[in-house]
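File shown here: protein-v3.cif, holding mmCIF, C-alpha atoms (C1' of nucleotides).
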```cif
data_upload
loop_
_atom_site.label_atom_id
_atom_site.label_comp_id
_atom_site.auth_asym_id
_atom_site.auth_seq_id
_atom_site.Cartn_x
_atom_site.Cartn_y
_atom_site.Cartn_z
CA MET A 18 38.72 22.96 27.41
CA SER A 19 38.38 26.26 29.26
CA ASP A 20 35.04 27.85 28.46
CA ARG A 21 35.04 31.59 28.78
CA PRO A 22 32.48 32.27 31.53
CA LEU A 23 34.34 30.12 34.07
CA PRO A 24 36.33 32.06 36.66
CA THR A 25 40.08 31.98 36.24
CA LYS A 26 40.73 29.72 39.17
CA ASP A 27 38.36 27.08 37.83
CA ARG A 28 39.82 27.34 34.35
CA LEU A 29 43.26 26.68 35.80
CA ILE A 30 42.05 23.64 37.72
CA LEU A 31 40.25 22.24 34.71
CA SER A 32 43.21 22.71 32.40
CA ALA A 33 45.54 21.22 34.98
CA ALA A 34 43.34 18.17 35.47
CA THR A 35 43.18 17.61 31.72
CA LEU A 36 46.83 18.15 30.93
CA PHE A 37 48.27 16.35 33.93
CA ARG A 38 46.25 13.25 33.26
CA THR A 39 47.45 13.04 29.67
CA ARG A 40 51.10 13.94 30.08
CA GLY A 41 51.86 13.60 33.78
CA TYR A 42 52.93 16.21 36.33
CA HIS A 43 56.42 16.83 35.00
CA GLY A 44 55.28 16.51 31.41
CA VAL A 45 53.31 19.74 31.61
CA GLY A 46 55.03 23.11 31.83
CA LEU A 47 53.53 26.25 33.26
CA ALA A 48 53.50 27.73 29.78
CA ASP A 49 51.24 24.95 28.45
CA LEU A 50 49.05 25.23 31.50
CA LEU A 51 48.61 28.98 31.28
CA SER A 52 47.99 29.09 27.56
CA ASP A 53 45.42 26.32 27.81
CA ALA A 54 43.64 28.07 30.66
CA LYS A 55 44.06 31.46 29.00
CA ALA A 56 45.38 32.87 32.23
CA PRO A 57 48.46 34.96 33.01
CA LYS A 58 51.14 33.78 35.32
CA GLY A 59 50.20 36.31 37.98
CA SER A 60 46.80 34.73 38.40
CA LEU A 61 48.27 31.30 38.96
CA TYR A 62 50.41 32.49 41.82
CA HIS A 63 47.62 34.59 43.21
CA HIS A 64 45.18 31.69 43.48
CA PHE A 65 47.81 29.06 44.22
CA PRO A 66 50.64 30.64 46.21
CA ASN A 67 52.77 27.52 45.97
CA GLY A 68 52.38 27.41 42.22
CA LYS A 69 52.37 24.20 40.29
CA SER A 70 52.20 21.82 43.22
CA ASP A 71 49.21 23.59 44.80
CA LEU A 72 47.45 23.50 41.47
CA ALA A 73 48.16 19.80 41.10
CA MET A 74 46.59 19.10 44.47
CA ALA A 75 43.49 21.08 43.54
CA ALA A 76 43.24 19.37 40.15
CA ALA A 77 43.47 15.94 41.75
CA THR A 78 40.79 16.83 44.26
CA TRP A 79 38.55 18.08 41.48
CA ALA A 80 39.05 14.89 39.49
CA SER A 81 38.36 12.83 42.58
CA ASP A 82 35.07 14.63 43.19
CA GLU A 83 33.98 13.78 39.67
CA MET A 84 34.82 10.15 40.29
CA LEU A 85 32.85 10.14 43.53
CA ARG A 86 29.83 11.52 41.69
CA LEU A 87 30.20 8.81 39.08
CA ILE A 88 30.28 6.10 41.71
CA ALA A 89 27.23 7.49 43.45
CA ALA A 90 25.32 7.80 40.19
CA SER A 91 26.12 4.20 39.32
CA PHE A 92 25.07 2.65 42.60
CA ASP A 93 22.10 4.87 43.41
CA GLY A 94 19.86 3.26 40.83
CA SER A 95 20.97 -0.30 41.49
CA ASP A 96 19.46 -3.03 43.63
CA THR A 97 22.52 -5.23 43.99
CA PHE A 98 26.22 -4.61 44.40
CA LYS A 99 26.97 -6.39 41.18
CA ASP A 100 24.53 -4.20 39.26
CA GLY A 101 26.05 -1.04 40.63
CA ALA A 102 29.59 -2.18 39.93
CA THR A 103 28.63 -3.19 36.41
CA THR A 104 27.06 0.14 35.52
CA LEU A 105 30.06 1.90 37.03
CA CYS A 106 32.33 -0.05 34.71
CA PHE A 107 30.16 0.77 31.72
CA LYS A 108 30.10 4.45 32.61
CA LEU A 109 33.87 4.40 32.94
CA ALA A 110 34.28 2.64 29.61
CA LYS A 111 32.20 5.33 27.98
CA LEU A 112 34.25 8.00 29.71
CA PHE A 113 37.40 6.31 28.45
CA ASP A 114 36.12 6.48 24.88
CA ILE A 115 35.23 10.15 25.21
CA THR A 116 38.35 11.47 26.91
CA GLY A 117 40.62 9.05 25.07
CA TRP A 118 43.35 6.91 26.55
CA ASP A 119 44.46 9.01 29.51
CA THR A 120 45.87 7.68 32.75
CA CYS A 121 44.18 7.72 36.11
CA PRO A 122 44.22 11.45 36.89
CA ILE A 123 45.34 10.88 40.45
CA ALA A 124 48.24 8.61 39.61
CA ALA A 125 49.41 10.86 36.77
CA THR A 126 49.24 13.97 38.90
CA LEU A 127 50.35 12.90 42.34
CA PHE A 128 52.70 9.97 41.93
CA GLU A 129 55.58 12.00 40.55
CA GLY A 130 55.47 15.33 42.29
CA PRO A 131 58.51 16.91 43.87
CA ASP A 132 57.32 16.98 47.49
CA ASN A 133 56.70 13.30 47.26
CA ASP A 134 55.20 12.53 50.61
CA SER A 135 52.42 15.07 50.83
CA PHE A 136 51.48 14.19 47.27
CA ARG A 137 51.45 10.49 48.03
CA SER A 138 49.36 10.85 51.15
CA HIS A 139 46.88 13.01 49.28
CA ALA A 140 46.62 10.32 46.61
CA ASN A 141 46.07 7.75 49.31
CA HIS A 142 43.35 9.87 50.89
CA ILE A 143 41.59 10.18 47.55
CA TYR A 144 41.79 6.47 46.79
CA GLU A 145 40.48 5.55 50.23
CA GLY A 146 37.64 7.97 49.60
CA TRP A 147 36.66 6.10 46.44
CA ILE A 148 36.84 2.75 48.18
CA ALA A 149 34.85 4.08 51.13
CA GLU A 150 32.17 5.37 48.78
CA VAL A 151 31.85 1.96 47.15
CA TYR A 152 31.96 0.33 50.57
CA ASP A 153 29.00 2.35 51.78
CA HIS A 154 26.90 1.29 48.83
CA ALA A 155 27.98 -2.32 49.30
CA ALA A 156 26.98 -2.25 52.94
CA ARG A 157 23.69 -0.57 52.11
CA LEU A 158 22.97 -3.33 49.58
CA GLY A 159 23.33 -6.03 52.19
CA LEU A 160 26.96 -7.18 52.12
CA SER A 161 28.72 -7.95 55.35
CA ALA A 162 31.44 -5.58 56.50
CA SER A 163 34.34 -7.81 55.56
CA GLU A 164 32.80 -8.74 52.24
CA ALA A 165 31.99 -5.13 51.44
CA GLN A 166 35.57 -4.14 52.18
CA ALA A 167 37.02 -6.93 50.07
CA LYS A 168 34.68 -6.29 47.16
CA SER A 169 35.20 -2.56 47.09
CA GLU A 170 38.97 -2.95 47.11
CA HIS A 171 38.70 -5.61 44.45
CA LEU A 172 36.65 -3.32 42.26
CA PHE A 173 39.15 -0.51 42.74
CA MET A 174 42.03 -2.70 41.63
CA LEU A 175 40.15 -4.02 38.63
CA ILE A 176 39.26 -0.54 37.45
CA GLN A 177 42.73 0.81 38.00
CA GLY A 178 44.40 -2.08 36.21
CA GLY A 179 41.75 -2.36 33.54
CA TRP A 180 42.08 1.29 32.70
CA THR A 181 45.82 0.88 32.26
CA LEU A 182 45.35 -2.09 29.95
CA ALA A 183 42.66 -0.25 28.04
CA ARG A 184 45.02 2.65 27.55
CA ALA A 185 47.77 0.42 26.21
CA ARG A 186 45.33 -1.22 23.82
CA ARG A 187 43.49 1.96 22.95
CA SER A 188 40.27 0.05 23.52
CA SER A 189 37.77 0.18 26.35
CA ASP A 190 36.68 -3.42 25.78
CA VAL A 191 38.50 -4.84 28.81
CA ILE A 192 36.70 -2.43 31.09
CA ARG A 193 33.37 -3.75 29.87
CA GLN A 194 34.44 -7.39 29.86
CA MET A 195 35.74 -7.33 33.38
CA THR A 196 32.21 -7.06 34.70
CA ASN A 197 32.09 -10.84 34.22
CA ARG A 198 34.73 -11.21 36.91
CA LEU A 199 32.98 -9.32 39.69
CA MET B 22 72.52 0.75 41.89
CA SER B 23 75.25 0.63 39.26
CA ASP B 24 77.92 -1.87 40.24
CA ARG B 25 81.32 -1.13 38.84
CA PRO B 26 82.07 -4.14 36.61
CA LEU B 27 78.90 -3.68 34.52
CA PRO B 28 79.47 -2.20 31.07
CA THR B 29 78.39 1.37 30.61
CA LYS B 30 75.41 0.56 28.44
CA ASP B 31 74.00 -1.79 31.06
CA ARG B 32 74.62 0.69 33.84
CA LEU B 33 72.65 3.27 31.89
CA ILE B 34 69.75 0.89 31.36
CA LEU B 35 69.71 -0.13 34.98
CA SER B 36 69.80 3.42 36.28
CA ALA B 37 67.13 4.44 33.81
CA ALA B 38 64.86 1.59 34.83
CA THR B 39 65.27 2.49 38.49
CA LEU B 40 64.87 6.23 38.19
CA PHE B 41 62.05 6.25 35.65
CA ARG B 42 59.95 3.91 37.71
CA THR B 43 60.25 6.10 40.79
CA ARG B 44 59.90 9.56 39.27
CA GLY B 45 58.49 9.02 35.78
CA TYR B 46 59.95 9.79 32.38
CA HIS B 47 59.82 13.56 32.59
CA GLY B 48 60.71 13.56 36.25
CA VAL B 49 64.23 12.37 35.55
CA GLY B 50 66.77 14.62 33.91
CA LEU B 51 69.79 13.50 31.95
CA ALA B 52 71.98 14.88 34.71
CA ASP B 53 70.41 12.58 37.32
CA LEU B 54 70.60 9.67 34.94
CA LEU B 55 74.25 10.16 34.08
CA SER B 56 75.42 10.78 37.61
CA ASP B 57 73.56 7.69 38.86
CA ALA B 58 75.02 5.54 36.11
CA LYS B 59 78.44 7.19 36.48
CA ALA B 60 78.58 7.71 32.74
CA PRO B 61 79.41 10.78 30.67
CA LYS B 62 76.97 12.30 28.25
CA GLY B 63 78.95 11.16 25.25
CA SER B 64 78.42 7.52 26.15
CA LEU B 65 74.68 7.95 26.37
CA TYR B 66 74.45 9.31 22.85
CA HIS B 67 76.90 6.74 21.58
CA HIS B 68 74.87 3.77 22.81
CA PHE B 69 71.48 5.40 22.34
CA PRO B 70 71.60 7.75 19.34
CA ASN B 71 68.14 9.10 20.05
CA GLY B 72 69.07 9.87 23.62
CA LYS B 73 66.56 9.78 26.41
CA SER B 74 63.72 8.18 24.47
CA ASP B 75 65.87 5.29 23.18
CA LEU B 76 67.11 4.70 26.68
CA ALA B 77 63.56 4.67 28.00
CA MET B 78 62.60 2.01 25.49
CA ALA B 79 65.56 -0.15 26.46
CA ALA B 80 64.87 0.31 30.16
CA ALA B 81 61.26 -0.73 29.72
CA THR B 82 62.28 -3.81 27.76
CA TRP B 83 64.76 -4.73 30.45
CA ALA B 84 62.14 -4.34 33.18
CA SER B 85 59.72 -6.40 31.14
CA ASP B 86 62.21 -9.23 30.80
CA GLU B 87 62.59 -9.33 34.57
CA MET B 88 58.84 -9.53 34.93
CA LEU B 89 58.65 -12.38 32.44
CA ARG B 90 61.26 -14.28 34.39
CA LEU B 91 59.28 -13.69 37.58
CA ILE B 92 56.11 -15.03 35.98
CA ALA B 93 57.89 -18.12 34.67
CA ALA B 94 59.54 -18.77 38.03
CA SER B 95 56.17 -18.55 39.77
CA PHE B 96 54.26 -20.89 37.49
CA ASP B 97 56.99 -23.40 36.77
CA GLY B 98 56.79 -25.02 40.17
CA SER B 99 53.02 -24.96 40.44
CA ASP B 100 50.42 -27.61 39.69
CA THR B 101 47.39 -25.36 39.33
CA PHE B 102 46.78 -21.95 37.87
CA LYS B 103 45.68 -20.62 41.21
CA ASP B 104 48.89 -21.81 42.86
CA GLY B 105 51.04 -20.14 40.24
CA ALA B 106 49.10 -16.92 40.39
CA THR B 107 49.29 -16.90 44.17
CA THR B 108 53.03 -17.36 44.32
CA LEU B 109 53.42 -14.68 41.66
CA CYS B 110 51.50 -12.27 43.87
CA PHE B 111 53.62 -13.15 46.87
CA LYS B 112 56.81 -12.70 44.90
CA LEU B 113 55.59 -9.32 43.71
CA ALA B 114 54.64 -8.28 47.22
CA LYS B 115 58.13 -9.12 48.37
CA LEU B 116 59.58 -7.19 45.45
CA PHE B 117 57.39 -4.24 46.40
CA ASP B 118 58.78 -4.27 49.92
CA ILE B 119 62.35 -4.40 48.68
CA THR B 120 62.23 -1.76 45.96
CA GLY B 121 59.79 0.39 47.88
CA TRP B 122 56.62 1.97 46.55
CA ASP B 123 57.51 2.53 42.90
CA THR B 124 55.08 2.51 40.02
CA CYS B 125 54.81 -0.10 37.30
CA PRO B 126 58.05 0.51 35.40
CA ILE B 127 56.34 0.30 32.05
CA ALA B 128 53.58 2.76 32.84
CA ALA B 129 55.97 5.22 34.47
CA THR B 130 58.40 5.08 31.58
CA LEU B 131 56.27 4.81 28.48
CA PHE B 132 52.95 6.48 29.21
CA GLU B 133 54.27 10.02 29.15
CA GLY B 134 56.98 10.11 26.56
CA PRO B 135 57.16 12.75 23.87
CA ASP B 136 56.74 10.53 20.81
CA ASN B 137 53.59 9.20 22.32
CA ASP B 138 52.50 6.59 19.85
CA SER B 139 55.63 4.51 19.51
CA PHE B 140 55.94 4.57 23.29
CA ARG B 141 52.35 3.49 23.76
CA SER B 142 52.58 0.66 21.26
CA HIS B 143 55.74 -0.58 22.90
CA ALA B 144 53.98 -0.57 26.26
CA ASN B 145 51.12 -2.49 24.72
CA HIS B 146 53.52 -5.02 23.24
CA ILE B 147 55.11 -5.54 26.64
CA TYR B 148 51.81 -5.93 28.45
CA GLU B 149 50.53 -8.42 25.89
CA GLY B 150 53.76 -10.33 26.40
CA TRP B 151 53.07 -10.64 30.12
CA ILE B 152 49.50 -11.74 29.53
CA ALA B 153 50.63 -14.22 26.89
CA GLU B 154 53.18 -15.69 29.27
CA VAL B 155 50.51 -16.21 31.93
CA TYR B 156 48.15 -17.53 29.27
CA ASP B 157 50.61 -20.22 28.22
CA HIS B 158 50.96 -21.45 31.77
CA ALA B 159 47.19 -21.38 32.24
CA ALA B 160 46.68 -23.45 29.10
CA ARG B 161 49.41 -25.86 30.12
CA LEU B 162 47.68 -26.31 33.48
CA GLY B 163 44.45 -27.38 31.84
CA LEU B 164 42.34 -24.27 31.41
CA SER B 165 40.33 -23.82 28.25
CA ALA B 166 41.44 -21.16 25.81
CA SER B 167 38.73 -18.67 26.68
CA GLU B 168 39.13 -19.24 30.39
CA ALA B 169 42.89 -18.95 30.18
CA GLN B 170 42.58 -15.66 28.34
CA ALA B 171 40.07 -14.27 30.81
CA LYS B 172 42.06 -15.37 33.84
CA SER B 173 45.36 -14.05 32.60
CA GLU B 174 43.87 -10.66 31.80
CA HIS B 175 42.15 -10.65 35.14
CA LEU B 176 45.40 -11.35 36.93
CA PHE B 177 47.13 -8.60 35.01
CA MET B 178 44.52 -6.06 36.03
CA LEU B 179 44.58 -7.12 39.64
CA ILE B 180 48.33 -6.83 39.84
CA GLN B 181 48.42 -3.49 38.08
CA GLY B 182 45.68 -2.02 40.22
CA GLY B 183 46.85 -3.68 43.41
CA TRP B 184 50.32 -2.32 42.95
CA THR B 185 48.94 1.19 42.59
CA LEU B 186 46.89 0.85 45.76
CA ALA B 187 49.85 -0.65 47.57
CA ARG B 188 51.95 2.31 46.55
CA ALA B 189 49.40 4.80 47.81
CA ARG B 190 49.17 2.95 51.12
CA ARG B 191 52.86 2.20 51.35
CA SER B 192 51.93 -1.36 52.18
CA SER B 193 52.10 -4.54 50.16
CA ASP B 194 49.24 -6.15 52.07
CA VAL B 195 46.66 -5.73 49.31
CA ILE B 196 48.88 -7.60 46.89
CA ARG B 197 48.95 -10.57 49.23
CA GLN B 198 45.27 -10.36 50.12
CA MET B 199 44.10 -10.25 46.54
CA THR B 200 45.06 -13.89 46.12
CA ASN B 201 41.72 -14.66 47.78
CA ARG B 202 39.95 -13.13 44.80
CA LEU B 203 41.54 -15.21 42.07
"C1'" DC C 27 104.73 0.18 15.28
"C1'" DA C 28 100.70 2.39 13.29
"C1'" DC C 29 96.25 2.82 12.15
"C1'" DA C 30 91.42 2.48 13.11
"C1'" DC C 31 87.56 2.32 15.82
"C1'" DG C 32 84.59 1.90 19.90
"C1'" DC C 33 84.05 4.60 23.62
"C1'" DT C 34 84.67 8.37 26.94
"C1'" DG C 35 84.89 13.04 28.87
"C1'" DG C 36 83.00 17.29 29.07
"C1'" DA C 37 82.56 22.08 27.13
"C1'" DC C 38 78.96 24.30 25.08
"C1'" DC C 39 74.23 25.55 23.33
"C1'" DA C 40 69.48 27.37 22.75
"C1'" DA C 41 65.22 26.52 24.84
"C1'" DT C 42 62.50 25.89 28.54
"C1'" DC C 43 61.81 25.22 33.34
"C1'" DG C 44 59.27 27.05 37.76
"C1'" DG C 45 59.12 31.15 40.25
"C1'" DT C 46 59.35 36.35 41.68
"C1'" DC C 47 57.99 40.93 41.43
"C1'" DT C 48 55.69 45.20 40.34
"C1'" DA C 49 52.60 48.12 37.84
"C1'" DA C 50 48.22 48.40 35.93
"C1'" DT C 51 43.49 47.26 36.03
"C1'" DC C 52 39.14 45.56 37.69
"C1'" DC C 53 35.48 45.28 40.92
"C1'" DT C 54 32.97 46.16 45.02
"C1'" DG C 55 31.18 48.61 49.09
"C1'" DT C 56 30.52 53.10 50.83
"C1'" DA D 12 32.77 59.47 43.05
"C1'" DC D 13 36.13 57.36 45.55
"C1'" DA D 14 38.94 54.11 48.16
"C1'" DG D 15 41.15 49.85 48.49
"C1'" DG D 16 41.50 45.14 48.12
"C1'" DA D 17 41.34 41.45 44.58
"C1'" DT D 18 42.98 40.19 40.27
"C1'" DT D 19 45.52 40.45 36.04
"C1'" DA D 20 49.39 41.21 32.94
"C1'" DG D 21 53.84 40.12 31.72
"C1'" DA D 22 58.81 41.43 32.02
"C1'" DC D 23 62.40 39.23 34.14
"C1'" DC D 24 65.36 35.79 36.70
"C1'" DG D 25 68.73 31.95 37.59
"C1'" DA D 26 68.67 27.14 37.11
"C1'" DT D 27 68.03 23.22 34.48
"C1'" DT D 28 66.48 20.91 30.45
"C1'" DG D 29 67.76 17.60 26.36
"C1'" DG D 30 70.97 17.70 22.76
"C1'" DT D 31 75.37 18.58 19.82
"C1'" DC D 32 80.04 18.26 18.98
"C1'" DC D 33 84.73 17.09 19.10
"C1'" DA D 34 89.14 16.04 21.10
"C1'" DG D 35 91.24 12.40 23.31
"C1'" DC D 36 91.51 7.77 25.29
"C1'" DG D 37 92.28 2.68 25.17
"C1'" DT D 38 92.59 -1.51 22.77
"C1'" DG D 39 93.07 -4.85 19.27
"C1'" DT D 40 94.39 -5.84 14.46
"C1'" DG D 41 97.12 -5.00 10.37
#
```
Do you think you could lay out the structure here as structure tokens?
Amino acid sequence: MSDRPLPTKDRLILSAATLFRTRGYHGVGLADLLSDAKAPKGSLYHHFPNGKSDLAMAAATWASDEMLRLIAASFDGSDTFKDGATTLCFKLAKLFDITGWDTCPIAATLFEGPDNDSFRSHANHIYEGWIAEVYDHAARLGLSASEAQAKSEHLFMLIQGGWTLARARRSSDVIRQMTNRL
Amino acid sequence: MSDRPLPTKDRLILSAATLFRTRGYHGVGLADLLSDAKAPKGSLYHHFPNGKSDLAMAAATWASDEMLRLIAASFDGSDTFKDGATTLCFKLAKLFDITGWDTCPIAATLFEGPDNDSFRSHANHIYEGWIAEVYDHAARLGLSASEAQAKSEHLFMLIQGGWTLARARRSSDVIRQMTNRL
DNA sequence: CACACGCTGGACCAATCGGTCTAATCCTGT
DNA sequence: ACAGGATTAGACCGATTGGTCCAGCGTGTG
């Protein structure tokens, strides 16, 4: 991680997103974070006055934006909901193989934090954003409102649970196979 | 937690299971653990020579056994797979409301630990145990081998993902509603 | 009674934790 | 060239971390 030309703030966010999702919020110390991002402590507290927790929020938001892009990219080229959902699963399986057995970045980052409630509500906001994004594509592709809602939530749960199982097994196969159950 | 008559070792396991699942492995310090279990540090290292990590393993196993009992209780009185799966979901939703928005105890405890690989393989072993338990009931209720395998994995993923969404929303509704998608 | 052993209680430790603070440096607009 | 805000660098802090160690306790067996 942490290419040189990136500004310090972005390097911090990128390192945080990577480390938090592999070891969890409390599993990463500021020392790890700063050495990975090649940034001094002063910079952290300049860009994120509240320190670690601010950085965690930013990292989760960044990870969420990536996920939203992935969803859009999967559904944009598809003619049916099932097609879009299937390519999303395949893209995620590939991502799983590349990054290697991490957790959901949101859950790892926000479900442990100290100031539990603001973390939790931010996680909720992010998850609803994913579901809403899928919902919009579902509606666009002809599903009724109630069906679109049910299917987008269903897909969310499958991905979330499938990713967990894939991590335990160290194999992305389940993520690909679950497309049969859409 | 931690009734008086329970032996120290059990109190430690119980406290560990409770605390780890709400704040994660690294989010719980030995001090919290010991004060919750009303046990001195010496006892911890007497019963669990490797300290925190041994205790985490035991706590995960204990939580897994409870889950296995819950699965058995749900399917034993049911005549079809769908019935069993539905009552399992309802039991879990009720459990969610009682314990209150925790994570999956296995994921919270074992997916962050220091000695990552033995933790991960233990988590995998536990998850496969759950799926195998559901599989046995599915086969007993007449499903073919391949269908039983697919359905039990599917149920696992739904529960795992549904629980996460329920936690973010602070509502067990999704866990109940997902029975329509079995 | 005496010995042994499973267990408890807690003092103590080095390392690390997240966070504060200030001086130096960089960069930009004038 | 200069001023002045933005950014960096890192020494320093008290609190807490997981872990070690041993003296004593209680109980059951010889």
Test item: residues at most 9 Å from Ile152 (chain B), all atoms listed in the file, excluding those fewer than 6 positions along its chain, as a ChimeraX atom specification: /B:170,173-174,176-177
Pull out every residue that the PyMOL selection byres ((chain C and resi 45-55) around 9) matches in the shown coordinates and put them as number ranges by chain. A: 62, 68; C: 44, 56; D: 17-20, 23-24
Contacts of DG32 (chain C) within 12 Å, all atoms listed in the file, excl. fewer than 2 positions in-chain, as a ChimeraX atom specification: /B:64,67-68 /C:30,34 /D:36-39
Tell me which residues the PyMOL selection byres ((chain C and resi 35) around 12) grabs here, as a VMD selection string. (chain B and resid 59 to 65) or (chain C and resid 33 to 34 36 to 37) or (chain D and resid 33 to 36)
One decimal, Å: what's the distance from CA of Gly98 (chain B) over to CA of Gly182 (chain B), could you say?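 Interatomic distance, CA of Gly98 (chain B) to CA of Gly182 (chain B): 25.5 Å.
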Write down, as a list in words, each residue of chain D that has any atom within 12 Å of an atom of chain B, counting only C-alpha atoms (C1' of nucleotides).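 The answer, sorted by residue number, is DT27, DT28, DG29, DG30, DT31, DC32 and DC33 of chain D.
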Distance table requested - chain B against chain A, cut-off 10 Å, all atoms listed in the file: one row per qualifying residue with the closest atom pair and its distance in Å to one decimal, ordered by chain and rising residue number, as a Markdown table.
```
| residue | atom | partner | partner_atom | distance |
| --- | --- | --- | --- | --- |
| B:Phe41 | CA | A:Glu129 | CA | 9.9 |
| B:Arg42 | CA | A:Glu129 | CA | 9.6 |
| B:Thr43 | CA | A:Glu129 | CA | 7.5 |
| B:Arg44 | CA | A:Glu129 | CA | 5.1 |
| B:Gly45 | CA | A:Glu129 | CA | 6.3 |
| B:Tyr46 | CA | A:Gly44 | CA | 8.2 |
| B:His47 | CA | A:His43 | CA | 5.3 |
| B:Gly48 | CA | A:His43 | CA | 5.5 |
| B:Val49 | CA | A:His43 | CA | 9.0 |
| B:Asp123 | CA | A:Phe128 | CA | 8.9 |
| B:Thr124 | CA | A:Phe128 | CA | 8.1 |
| B:Ala128 | CA | A:Thr181 | CA | 8.0 |
| B:Ala129 | CA | A:Ala125 | CA | 9.0 |
| B:Leu131 | CA | A:Ala185 | CA | 9.8 |
| B:Phe132 | CA | A:Arg40 | CA | 7.7 |
| B:Glu133 | CA | A:Arg40 | CA | 5.1 |
| B:Gly134 | CA | A:Arg40 | CA | 7.9 |
| B:Pro135 | CA | A:Gly44 | CA | 8.6 |
| B:Asn137 | CA | A:Arg40 | CA | 9.4 |
| B:Phe140 | CA | A:Ala185 | CA | 9.6 |
| B:Arg141 | CA | A:Ala185 | CA | 6.0 |
| B:Ser142 | CA | A:Ala185 | CA | 6.9 |
| B:His143 | CA | A:Ala185 | CA | 8.7 |
| B:Ala144 | CA | A:Ala185 | CA | 6.3 |
| B:Asn145 | CA | A:Ala185 | CA | 4.7 |
| B:His146 | CA | A:Ala185 | CA | 8.5 |
| B:Ile147 | CA | A:Ala185 | CA | 9.5 |
| B:Tyr148 | CA | A:Leu182 | CA | 7.7 |
| B:Glu149 | CA | A:Arg186 | CA | 9.1 |
| B:Ala171 | CA | A:Met195 | CA | 8.6 |
| B:Lys172 | CA | A:Arg198 | CA | 9.0 |
| B:Glu174 | CA | A:Val191 | CA | 8.5 |
| B:His175 | CA | A:Met195 | CA | 7.4 |
| B:Leu176 | CA | A:Leu175 | CA | 9.2 |
| B:Phe177 | CA | A:Gly178 | CA | 7.2 |
| B:Met178 | CA | A:Gly178 | CA | 4.0 |
| B:Leu179 | CA | A:Met174 | CA | 5.5 |
| B:Ile180 | CA | A:Gly178 | CA | 7.2 |
| B:Gln181 | CA | A:Gly178 | CA | 4.7 |
| B:Gly182 | CA | A:Met174 | CA | 4.0 |
| B:Gly183 | CA | A:Met174 | CA | 5.2 |
| B:Trp184 | CA | A:Met174 | CA | 8.4 |
| B:Thr185 | CA | A:Gln177 | CA | 7.7 |
| B:Leu186 | CA | A:Met174 | CA | 7.3 |
| B:Ala187 | CA | A:Asn141 | CA | 9.4 |
| B:Arg188 | CA | A:Arg137 | CA | 8.3 |
| B:Ala189 | CA | A:Asn141 | CA | 4.7 |
| B:Arg190 | CA | A:Asn141 | CA | 6.0 |
| B:Arg191 | CA | A:Asn141 | CA | 9.0 |
| B:Val195 | CA | A:Glu170 | CA | 8.5 |
| B:Ile196 | CA | A:Met174 | CA | 9.9 |
| B:Gln198 | CA | A:Ala167 | CA | 8.9 |
| B:Met199 | CA | A:His171 | CA | 7.4 |
| B:Asn201 | CA | A:Ala167 | CA | 9.3 |
| B:Arg202 | CA | A:His171 | CA | 7.6 |
| B:Leu203 | CA | A:Arg198 | CA | 9.4 |
```
Write out as a ChimeraX atom specification which residues come within 7 Å of region 107-112 of chain A when counting only C-alpha atoms (C1' of nucleotides), dropping same-chain ones fewer than 2 positions away. /A:103-105,114-116,189,192-193
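One distance worth recording is that between CA of Leu33 (chain B) and CA of Asp53 (chain B), which is 11.0 Å.
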